[in-house]
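Text of coords-v4.cif, listed as mmCIF, C-alpha atoms and all ligand atoms:
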```
data_protein
loop_
_atom_site.group_PDB
_atom_site.id
_atom_site.type_symbol
_atom_site.label_atom_id
_atom_site.label_comp_id
_atom_site.auth_asym_id
_atom_site.auth_seq_id
_atom_site.Cartn_x
_atom_site.Cartn_y
_atom_site.Cartn_z
ATOM 1 C CA MET A 1 -10.744 13.799 -6.423
ATOM 2 C CA ASN A 2 -10.500 10.861 -8.805
ATOM 3 C CA ILE A 3 -7.707 8.807 -7.358
ATOM 4 C CA TYR A 4 -7.799 5.928 -9.809
ATOM 5 C CA LYS A 5 -8.020 8.168 -12.859
ATOM 6 C CA ASN A 6 -4.922 10.028 -11.666
ATOM 7 C CA ILE A 7 -2.998 6.794 -11.076
ATOM 8 C CA LEU A 8 -3.928 5.621 -14.575
ATOM 9 C CA SER A 9 -2.850 8.850 -16.229
ATOM 10 C CA ALA A 10 0.433 8.825 -14.301
ATOM 11 C CA LYS A 11 1.040 5.287 -15.564
ATOM 12 C CA LYS A 12 0.275 6.363 -19.111
ATOM 13 C CA GLU A 13 2.696 9.279 -18.842
ATOM 14 C CA GLY A 14 5.364 7.113 -17.169
ATOM 15 C CA LYS A 15 5.204 9.292 -14.037
ATOM 16 C CA LYS A 16 6.152 7.274 -10.965
ATOM 17 C CA LEU A 17 4.184 7.589 -7.732
ATOM 18 C CA LEU A 18 5.289 7.312 -4.103
ATOM 19 C CA ALA A 19 2.978 6.605 -1.182
ATOM 20 C CA VAL A 20 4.071 7.238 2.382
ATOM 21 C CA LEU A 21 2.450 4.641 4.626
ATOM 22 C CA ILE A 22 1.399 5.962 8.013
ATOM 23 C CA ASP A 23 0.642 3.410 10.697
ATOM 24 C CA PRO A 24 -1.961 5.024 12.996
ATOM 25 C CA GLU A 25 -0.575 3.063 15.950
ATOM 26 C CA LYS A 26 2.871 4.540 15.473
ATOM 27 C CA ILE A 27 2.477 8.173 14.407
ATOM 28 C CA ASP A 28 2.804 10.826 17.080
ATOM 29 C CA LEU A 29 0.164 13.429 16.275
ATOM 30 C CA LYS A 30 2.236 16.101 18.012
ATOM 31 C CA ASN A 31 4.820 15.765 15.229
ATOM 32 C CA ILE A 32 2.401 15.624 12.353
ATOM 33 C CA ALA A 33 3.033 19.177 11.102
ATOM 34 C CA SER A 34 6.798 18.760 10.885
ATOM 35 C CA PHE A 35 6.421 15.260 9.406
ATOM 36 C CA PHE A 36 4.203 16.621 6.644
ATOM 37 C CA GLU A 37 6.515 19.539 5.999
ATOM 38 C CA LYS A 38 9.087 16.929 4.955
ATOM 39 C CA VAL A 39 6.497 14.920 3.033
ATOM 40 C CA HIS A 40 5.515 18.007 1.023
ATOM 41 C CA GLN A 41 9.111 18.797 0.091
ATOM 42 C CA SER A 42 9.579 15.266 -1.196
ATOM 43 C CA ILE A 43 8.373 13.407 -4.289
ATOM 44 C CA THR A 44 5.527 11.848 -2.260
ATOM 45 C CA THR A 45 2.253 11.746 -4.215
ATOM 46 C CA HIS A 46 -0.064 9.729 -1.939
ATOM 47 C CA ILE A 47 -0.626 9.020 1.740
ATOM 48 C CA PHE A 48 -1.659 5.526 2.756
ATOM 49 C CA VAL A 49 -3.008 5.044 6.276
ATOM 50 C CA GLY A 50 -3.243 1.649 7.876
ATOM 51 C CA GLY A 51 -1.662 -1.326 9.490
ATOM 52 C CA SER A 52 -2.503 -4.887 10.393
ATOM 53 C CA THR A 53 -3.868 -3.817 13.763
ATOM 54 C CA ASP A 54 -5.377 -0.711 15.373
ATOM 55 C CA LYS A 55 -5.749 -1.738 18.998
ATOM 56 C CA ASP A 56 -6.689 1.734 20.260
ATOM 57 C CA ASN A 57 -9.076 2.571 17.414
ATOM 58 C CA VAL A 58 -7.125 5.643 16.429
ATOM 59 C CA THR A 59 -7.460 5.411 12.618
ATOM 60 C CA ASP A 60 -10.326 7.916 12.409
ATOM 61 C CA THR A 61 -8.551 10.496 14.594
ATOM 62 C CA VAL A 62 -5.290 10.060 12.699
ATOM 63 C CA VAL A 63 -6.995 10.378 9.288
ATOM 64 C CA ALA A 64 -8.777 13.561 10.451
ATOM 65 C CA ALA A 65 -5.462 15.060 11.576
ATOM 66 C CA ILE A 66 -3.756 14.086 8.307
ATOM 67 C CA LYS A 67 -6.568 15.550 6.192
ATOM 68 C CA LYS A 68 -6.124 18.876 8.002
ATOM 69 C CA THR A 69 -2.406 18.840 7.196
ATOM 70 C CA THR A 70 -2.198 17.783 3.542
ATOM 71 C CA HIS A 71 -3.883 18.066 0.152
ATOM 72 C CA LEU A 72 -2.323 14.798 -1.022
ATOM 73 C CA PRO A 73 -4.840 11.986 -1.525
ATOM 74 C CA VAL A 74 -5.312 10.017 1.692
ATOM 75 C CA ILE A 75 -6.062 6.354 1.050
ATOM 76 C CA LEU A 76 -6.964 3.758 3.660
ATOM 77 C CA PHE A 77 -4.916 0.562 3.674
ATOM 78 C CA PRO A 78 -7.027 -1.304 6.208
ATOM 79 C CA GLY A 79 -6.146 -4.410 8.142
ATOM 80 C CA ASP A 80 -9.821 -5.119 8.685
ATOM 81 C CA VAL A 81 -13.286 -3.622 8.566
ATOM 82 C CA SER A 82 -12.856 -1.734 11.848
ATOM 83 C CA HIS A 83 -10.135 0.429 10.267
ATOM 84 C CA ILE A 84 -12.477 2.230 7.878
ATOM 85 C CA SER A 85 -12.646 5.996 8.281
ATOM 86 C CA GLN A 86 -15.082 8.066 6.248
ATOM 87 C CA LYS A 87 -12.678 11.011 6.522
ATOM 88 C CA ALA A 88 -10.213 9.573 4.003
ATOM 89 C CA ASP A 89 -10.432 10.097 0.246
ATOM 90 C CA GLY A 90 -10.266 6.480 -0.812
ATOM 91 C CA ILE A 91 -9.759 2.916 0.287
ATOM 92 C CA LEU A 92 -7.763 0.008 -1.051
ATOM 93 C CA PHE A 93 -10.488 -2.628 -1.145
ATOM 94 C CA LEU A 94 -8.073 -5.474 -0.600
ATOM 95 C CA SER A 95 -8.358 -9.188 -1.272
ATOM 96 C CA LEU A 96 -5.420 -11.193 -0.018
ATOM 97 C CA LEU A 97 -5.061 -13.294 -3.157
ATOM 98 C CA SER A 98 -1.855 -15.019 -2.091
ATOM 99 C CA GLY A 99 -3.599 -16.545 0.925
ATOM 100 C CA ARG A 100 -6.319 -19.126 1.296
ATOM 101 C CA ASN A 101 -8.019 -17.616 4.309
ATOM 102 C CA PRO A 102 -11.640 -16.777 3.393
ATOM 103 C CA GLU A 103 -11.662 -14.128 6.109
ATOM 104 C CA TYR A 104 -9.308 -11.922 4.042
ATOM 105 C CA LEU A 105 -10.471 -13.095 0.628
ATOM 106 C CA ILE A 106 -14.152 -12.179 1.054
ATOM 107 C CA GLU A 107 -15.483 -12.177 4.669
ATOM 108 C CA GLN A 108 -14.040 -8.795 5.699
ATOM 109 C CA GLN A 109 -15.137 -7.347 2.361
ATOM 110 C CA ILE A 110 -18.739 -8.439 2.928
ATOM 111 C CA ARG A 111 -18.697 -7.032 6.451
ATOM 112 C CA SER A 112 -17.402 -3.698 5.154
ATOM 113 C CA VAL A 113 -20.311 -3.157 2.738
ATOM 114 C CA PRO A 114 -22.532 -1.222 5.196
ATOM 115 C CA PHE A 115 -19.640 1.219 5.726
ATOM 116 C CA LEU A 116 -18.890 1.614 2.027
ATOM 117 C CA ILE A 117 -22.151 1.475 0.154
ATOM 118 C CA ASN A 118 -23.258 5.064 0.865
ATOM 119 C CA SER A 119 -19.812 6.390 1.511
ATOM 120 C CA SER A 120 -17.958 9.059 -0.441
ATOM 121 C CA LEU A 121 -14.735 7.029 -0.187
ATOM 122 C CA GLU A 122 -13.354 6.133 -3.612
ATOM 123 C CA ILE A 123 -13.123 2.370 -3.674
ATOM 124 C CA LEU A 124 -10.057 0.861 -5.277
ATOM 125 C CA PRO A 125 -10.441 -2.920 -5.751
ATOM 126 C CA THR A 126 -6.949 -4.276 -5.141
ATOM 127 C CA GLY A 127 -5.449 -7.736 -5.491
ATOM 128 C CA TYR A 128 -3.019 -7.999 -2.573
ATOM 129 C CA ILE A 129 -0.199 -10.503 -2.984
ATOM 130 C CA LEU A 130 2.118 -11.245 -0.104
ATOM 131 C CA VAL A 131 5.544 -12.522 -1.183
ATOM 132 C CA ASP A 132 8.241 -13.754 1.145
ATOM 133 C CA GLY A 133 10.365 -10.876 2.418
ATOM 134 C CA GLN A 134 12.438 -13.197 4.663
ATOM 135 C CA LYS A 135 10.773 -11.953 7.817
ATOM 136 C CA GLU A 136 7.563 -13.056 9.450
ATOM 137 C CA THR A 137 5.440 -9.932 9.126
ATOM 138 C CA ALA A 138 2.334 -8.731 10.930
ATOM 139 C CA THR A 139 0.310 -9.359 7.762
ATOM 140 C CA GLN A 140 1.247 -13.034 7.852
ATOM 141 C CA LYS A 141 0.451 -13.366 11.537
ATOM 142 C CA VAL A 142 -2.838 -11.490 11.467
ATOM 143 C CA SER A 143 -4.084 -13.050 8.224
ATOM 144 C CA ASN A 144 -2.776 -16.481 9.161
ATOM 145 C CA THR A 145 -1.561 -17.011 5.605
ATOM 146 C CA LYS A 146 1.773 -17.894 4.085
ATOM 147 C CA PRO A 147 3.521 -15.601 1.623
ATOM 148 C CA ILE A 148 4.493 -16.901 -1.824
ATOM 149 C CA ALA A 149 8.219 -17.681 -2.161
ATOM 150 C CA GLN A 150 9.965 -15.177 -4.428
ATOM 151 C CA GLU A 151 11.344 -18.135 -6.423
ATOM 152 C CA ASN A 152 7.781 -19.124 -7.287
ATOM 153 C CA ILE A 153 7.574 -16.417 -9.889
ATOM 154 C CA GLU A 154 5.013 -18.183 -12.075
ATOM 155 C CA LEU A 155 2.583 -18.467 -9.156
ATOM 156 C CA ILE A 156 3.093 -14.790 -8.306
ATOM 157 C CA LEU A 157 2.437 -13.820 -11.934
ATOM 158 C CA ASN A 158 -0.621 -16.019 -12.293
ATOM 159 C CA THR A 159 -2.018 -14.772 -8.981
ATOM 160 C CA ALA A 160 -1.644 -11.185 -10.201
ATOM 161 C CA LEU A 161 -3.252 -12.029 -13.556
ATOM 162 C CA ALA A 162 -6.117 -13.845 -11.826
ATOM 163 C CA GLY A 163 -6.650 -10.632 -9.882
ATOM 164 C CA GLU A 164 -6.790 -8.568 -13.057
ATOM 165 C CA LEU A 165 -9.076 -11.052 -14.802
ATOM 166 C CA SER A 166 -11.453 -11.018 -11.869
ATOM 167 C CA GLY A 167 -11.746 -7.243 -12.080
ATOM 168 C CA LYS A 168 -9.231 -5.813 -9.623
ATOM 169 C CA LYS A 169 -8.120 -2.335 -10.614
ATOM 170 C CA LEU A 170 -4.744 -2.493 -8.883
ATOM 171 C CA ILE A 171 -2.284 -5.231 -7.966
ATOM 172 C CA TYR A 172 -0.151 -4.773 -4.835
ATOM 173 C CA LEU A 173 3.002 -6.877 -4.555
ATOM 174 C CA GLU A 174 3.844 -6.831 -0.847
ATOM 175 C CA ALA A 175 6.980 -8.132 0.840
ATOM 176 C CA GLY A 176 5.521 -7.116 4.220
ATOM 177 C CA SER A 177 6.216 -4.159 6.444
ATOM 178 C CA GLY A 178 9.848 -4.135 7.540
ATOM 179 C CA ALA A 179 10.694 -6.989 5.175
ATOM 180 C CA LYS A 180 14.340 -7.990 5.094
ATOM 181 C CA ILE A 181 14.303 -8.134 1.328
ATOM 182 C CA PRO A 182 11.919 -6.216 -0.928
ATOM 183 C CA VAL A 183 10.149 -7.761 -3.925
ATOM 184 C CA GLU A 184 12.856 -8.688 -6.441
ATOM 185 C CA ALA A 185 13.207 -6.613 -9.592
ATOM 186 C CA ASN A 186 12.669 -9.576 -11.937
ATOM 187 C CA ILE A 187 9.288 -10.281 -10.314
ATOM 188 C CA ILE A 188 8.218 -6.635 -10.602
ATOM 189 C CA THR A 189 9.260 -6.601 -14.260
ATOM 190 C CA LEU A 190 7.495 -9.833 -15.185
ATOM 191 C CA VAL A 191 4.267 -8.904 -13.397
ATOM 192 C CA GLY A 192 4.391 -5.299 -14.648
ATOM 193 C CA GLU A 193 4.908 -6.348 -18.268
ATOM 194 C CA ASN A 194 1.987 -8.756 -18.183
ATOM 195 C CA LEU A 195 -0.538 -6.606 -16.318
ATOM 196 C CA ASN A 196 -2.704 -3.963 -17.917
ATOM 197 C CA ILE A 197 -3.595 -2.362 -14.576
ATOM 198 C CA PRO A 198 -1.246 -0.331 -12.340
ATOM 199 C CA LEU A 199 1.214 -2.178 -10.109
ATOM 200 C CA ILE A 200 1.900 -1.189 -6.502
ATOM 201 C CA VAL A 201 5.034 -2.497 -4.788
ATOM 202 C CA GLY A 202 5.946 -2.233 -1.116
ATOM 203 C CA GLY A 203 7.675 -3.784 1.837
ATOM 204 C CA GLY A 204 11.303 -3.473 2.904
ATOM 205 C CA ILE A 205 12.212 -0.539 0.659
ATOM 206 C CA ARG A 206 14.503 1.644 2.741
ATOM 207 C CA SER A 207 16.921 3.399 0.365
ATOM 208 C CA LYS A 208 16.709 5.687 -2.644
ATOM 209 C CA LYS A 209 18.474 3.013 -4.691
ATOM 210 C CA GLN A 210 15.864 0.379 -3.780
ATOM 211 C CA LEU A 211 13.095 2.834 -4.614
ATOM 212 C CA GLU A 212 14.650 3.563 -8.015
ATOM 213 C CA ASN A 213 15.154 -0.162 -8.627
ATOM 214 C CA ALA A 214 11.461 -0.810 -8.003
ATOM 215 C CA PHE A 215 10.443 2.064 -10.315
ATOM 216 C CA ASN A 216 12.902 1.002 -13.030
ATOM 217 C CA ALA A 217 11.701 -2.583 -12.789
ATOM 218 C CA GLY A 218 8.147 -1.457 -13.529
ATOM 219 C CA ALA A 219 6.389 -0.480 -10.287
ATOM 220 C CA ASP A 220 3.895 2.317 -10.934
ATOM 221 C CA LEU A 221 3.476 3.207 -7.270
ATOM 222 C CA VAL A 222 5.864 2.339 -4.446
ATOM 223 C CA VAL A 223 4.837 2.288 -0.779
ATOM 224 C CA ILE A 224 7.321 3.101 1.983
ATOM 225 C CA GLY A 225 6.490 3.112 5.679
ATOM 226 C CA THR A 226 9.130 1.752 8.038
ATOM 227 C CA ALA A 227 12.064 3.695 6.536
ATOM 228 C CA PHE A 228 10.300 7.017 7.206
ATOM 229 C CA GLU A 229 9.195 5.881 10.668
ATOM 230 C CA ASN A 230 12.788 5.036 11.540
ATOM 231 C CA ASP A 231 14.425 8.100 10.064
ATOM 232 C CA GLU A 232 12.564 11.135 8.750
ATOM 233 C CA ALA A 233 15.862 12.369 7.264
ATOM 234 C CA PHE A 234 15.230 9.841 4.487
ATOM 235 C CA PHE A 235 12.807 12.427 3.036
ATOM 236 C CA ASN A 236 15.816 14.699 2.369
ATOM 237 C CA GLN A 237 17.090 12.171 -0.164
ATOM 238 C CA LEU A 238 13.750 12.246 -1.959
ATOM 239 C CA LYS A 239 13.352 15.967 -2.517
ATOM 240 C CA LYS A 240 11.293 17.179 -5.477
HETATM 241 C C1 LIG B 1 3.772 -2.416 4.151
HETATM 242 O O1 LIG B 1 4.274 -2.176 1.836
HETATM 243 C C2 LIG B 1 4.185 -1.501 3.035
HETATM 244 O O2 LIG B 1 2.498 -2.874 3.993
HETATM 245 C C3 LIG B 1 5.430 -0.746 3.378
HETATM 246 O O3 LIG B 1 6.428 -1.569 3.922
HETATM 247 O O4 LIG B 1 7.026 -0.554 6.098
HETATM 248 O O5 LIG B 1 8.636 -2.049 4.917
HETATM 249 O O6 LIG B 1 8.149 0.244 4.040
HETATM 250 P P1 LIG B 1 7.626 -0.935 4.793
#
```

Please re-express this file's structure in structure tokens.
Amino acid sequence: MNIYKNILSAKKEGKKLLAVLIDPEKIDLKNIASFFEKVHQSITTHIFVGGSTDKDNVTDTVVAAIKKTTHLPVILFPGDVSHISQKADGILFLSLLSGRNPEYLIEQQIRSVPFLINSSLEILPTGYILVDGQKETATQKVSNTKPIAQENIELILNTALAGELSGKKLIYLEAGSGAKIPVEANIITLVGENLNIPLIVGGGIRSKKQLENAFNAGADLVVIGTAFENDEAFFNQLKK
């Protein structure tokens, strides 16, 4: 499986990608088969697994169960080094570029090296940019960083471009899980037009219209978690 190559060719062909974000702390493994039945009937192309916290250390068990249930690429979206599972296909190797906390800019990355260096996980270096979704999110609390105001569009753009220039392969514009407002279309468009690498957008997207808006604005891959957690019937609106 070459996850990045597939994302790049989708971008080239203008094919939009949708990742369902599964929070290991929230999924009920008893329902996993029926959940994935809906996932497979929908336009979902990727599974992201992660969250800011994993108090019960369930990531590995959840990833194993997901891998048994789907052939979609399973990509870790870790909150910290303890959330790494070798059973996934890939990992977003995140740097929280919007923040100024060294812990999430480089410390966690250094600590993760022993788990990644001989691993078969495909590593996807990702510039992670938290923008203000009008709700204090777990990412803010755990990382102890402030999001960038959506009005500060130049800073958002330059942060994304600094990520690309420093070698990130993906940029993730994040309004935060359960955000009140998603990343605005004009930001997605400006960043998307200026980046040469694929753009991921997530946080607060809970309707088909918002998903289409993000795609039309220039997101290559959209991530949705909370909306599916709250109502699995949302998958019915996103049938293939
Ligand atoms: C969060 O971008 C993801 O990290 C998805 O956000 O849970 O609001 O869909 P939601």

The centre and edge lengths of an axis-aligned box containing all atoms of region 1-13 of chain A present in the file, extended by 6 Å on each side, are to be given in Å to one decimal, as lines of an AutoDock Vina configuration file.
```
center_x = -4.0
center_y = 9.5
center_z = -12.8
size_x = 25.4
size_y = 20.5
size_z = 24.7
```

Using the chain letters and numbering of this document, enumerate as a ChimeraX atom specification the residues selected by the PyMOL selection byres (((chain A and resi 210-223) around 10) and not hetatm).
-> /A:7-8,10-12,14-21,44-48,172-174,177,182-193,197-209,224-226,238

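Against this structure, the PyMOL selection byres (((chain A and resi 65-67) around 9) and not hetatm) ends up with Leu29, Ile32, Ala33, Phe36, Ile47, Asp60, Thr61, Val62, Val63, Ala64, Lys68, Thr69, Thr70, His71, Leu72, Pro73, Val74, Lys87, Ala88 and Asp89 of chain A.
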
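What separates atom O3 of ligand LIG 1 (chain B) from CA of Pro114 (chain A) is a distance of 29.0 Å.
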
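For the atom pair formed by CA of Leu161 (chain A) and CA of Leu97 (chain A), the distance is 10.6 Å, given to one decimal.
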
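With all atoms listed in the file as the atoms that count, the residue of A:Ile27, A:Ala233, A:Val142, A:Ile181 with the shortest distance to ligand LIG 1 (chain B) is A:Ile181.
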
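Once region 123-127 of chain A and its same-chain neighbours fewer than 3 positions away are set aside, A:Gly90, A:Ile91, A:Leu92, A:Phe93, A:Leu94, A:Ser95, A:Leu96, A:Leu97, A:Ala160, A:Gly163, A:Lys168, A:Lys169, A:Leu170, A:Ile171, A:Tyr172 remain within 7 Å of it when counting only C-alpha atoms.
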
Please produce a file of those selected residues containing C-alpha atoms, as a short mmCIF file (atom, residue, chain, number, x, y, z; two decimals), in the frame of the given file.
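The resulting result.cif:
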```cif
data_model
loop_
_atom_site.label_atom_id
_atom_site.label_comp_id
_atom_site.auth_asym_id
_atom_site.auth_seq_id
_atom_site.Cartn_x
_atom_site.Cartn_y
_atom_site.Cartn_z
CA GLY A 90 -10.27 6.48 -0.81
CA ILE A 91 -9.76 2.92 0.29
CA LEU A 92 -7.76 0.01 -1.05
CA PHE A 93 -10.49 -2.63 -1.14
CA LEU A 94 -8.07 -5.47 -0.60
CA SER A 95 -8.36 -9.19 -1.27
CA LEU A 96 -5.42 -11.19 -0.02
CA LEU A 97 -5.06 -13.29 -3.16
CA ALA A 160 -1.64 -11.18 -10.20
CA GLY A 163 -6.65 -10.63 -9.88
CA LYS A 168 -9.23 -5.81 -9.62
CA LYS A 169 -8.12 -2.34 -10.61
CA LEU A 170 -4.74 -2.49 -8.88
CA ILE A 171 -2.28 -5.23 -7.97
CA TYR A 172 -0.15 -4.77 -4.84
#
```

Could you spell out the hits of the PyMOL selection byres (((chain A and resi 52) around 8) and not hetatm) on the shown file, as a PyMOL selection string?
-> chain A and resi 50-51+53-54+78-80+138-139+142

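Closest approach to Ala162 (chain A) among A:Met1, A:Ser98, A:Ile84, A:Lys141 is made by A:Ser98 (distances from only C-alpha atoms).
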
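In this model, the gap between CA of Leu121 (chain A) and CA of Val81 (chain A) comes to 13.9 Å.
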